[in-house]
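Visitor: First, the structure itself, so that you have it in front of you.
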Amino acid sequence: MYGLVDDIDQYYTFLPWCEHSAVLDRKEAQVTARIGISYKGLQTAFTTRNQLIVDQEVIMELVEGPFEHFSGLWFFQSLDVGVCKVSLDMQFSLSSRLANRTLTPIYKYITGTLVESFAKQAKYRYGERQFR
């Protein structure tokens, strides 16, 4: 699952709201990436710098985008051989009251479906029997 989350260049192929996704820079323990969103009339993009702790965490911080504040943490906890628990904690706010009122529901929907979308892609990519 960590590898799937780290495969940013492929997000646009399975996240229904993702218009484009690209790694801009990759170092040993850090990746900078840009994600384009197109959903219900919203078209925007944002760039994050992600600190990587291989097979354990991806810590996201905003570099550029429509947010006043944005942070996120993917956490991968090994439970058994071939089994892990995946959690995602994201926090954000937009820069204006109008944007907060009108766009926050869209962003909440997107963030609320992320883990489910990744689980669905993992089943497709790695096979159904890997996921219980």
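Letters A, B, ... go to the chains of the structure tokens in the order shown; residues in each chain start at 1; ligands are counted from 1 in the same order.
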Quick one: contact table of segment 71-119 of chain A to segment 41-60 of chain A, 7 Å max, nearest atom pair and distance in Å to one decimal per residue, counting only C-alpha atoms, chain and number order, as CSV?

Guide:
```
residue,atom,partner,partner_atom,distance
A:Ser71,CA,A:Met60,CA,5.5
A:Gly72,CA,A:Met60,CA,4.8
A:Leu73,CA,A:Ile59,CA,4.6
A:Trp74,CA,A:Val58,CA,5.0
A:Phe75,CA,A:Glu57,CA,4.7
A:Phe76,CA,A:Gln56,CA,4.8
A:Gln77,CA,A:Gln56,CA,6.6
```

Visitor: Please identify all polymer residues within 12 Å of Ile37 of chain A, counting only C-alpha atoms, omitting same-chain residues fewer than 2 positions from it, and present them as a list of chain:residue names.

Guide: A:Tyr11, A:Tyr12, A:Leu15, A:Pro16, A:Trp17, A:Cys18, A:Glu19, A:His20, A:Ser21, A:Arg34, A:Ile35, A:Tyr39, A:Lys40, A:Gly41, A:Leu42, A:Gln43, A:Thr44, A:Ala45, A:Phe46, A:Thr47, A:Gly65, A:Pro66, A:Ile106, A:Tyr107, A:Ile110, A:Thr111

Visitor: So, counting only C-alpha atoms, which residue among A:Leu114, A:Tyr124, A:Lys27, A:Phe67 is closest to Val5 of chain A?

Guide: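 That would be A:Leu114, the residue with the smallest distance to Val5 of chain A.
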
Visitor: Give the strand (DSSP E or B) residues of segment 23-124 of chain A, as DSSP finds them on the backbone, and put them as a count of residues only.

Guide: 61

Visitor: Using backbone DSSP assignments, extract all alpha helix (DSSP H) residues from segment 5-129 of chain A; output them as a ChimeraX atom specification.

Guide: /A:5-6,11-14,97-126

Visitor: Show which residues sit within 9 Å of Asp6 of chain A, as an NGL selection string. Count only C-alpha atoms, and ignore same-chain residues fewer than 2 positions away.

Guide: :A and (1-4 or 8-9 or 31 or 52 or 58)

Visitor: Rank nothing, just name the residue among A:Val115, A:Asp7, A:Gln121, A:Val63 nearest to Val86 of chain A, using only C-alpha atoms.

Guide: A:Val115

Visitor: Taking only C-alpha atoms into account, which of A:Gln30, A:Phe92, A:Gly82, A:Thr102 comes nearest Tyr126 of chain A?

Guide: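 Answer, going by the shortest atom-to-atom distance: A:Gly82.
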
Visitor: Tell me, in Å to one decimal, how far atom CA of Arg26 of chain A is from atom CA of His69 of chain A.

Guide: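 Going from atom CA of Arg26 of chain A over to atom CA of His69 of chain A, I get 23.1 Å.
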
Visitor: Which polymer residues have any atom within 9 Å of an atom of Leu94 of chain A, counting only C-alpha atoms, with same-chain residues fewer than 3 positions away left out, as number ranges by chain?

Guide: A: 66-70, 97-100, 103-104
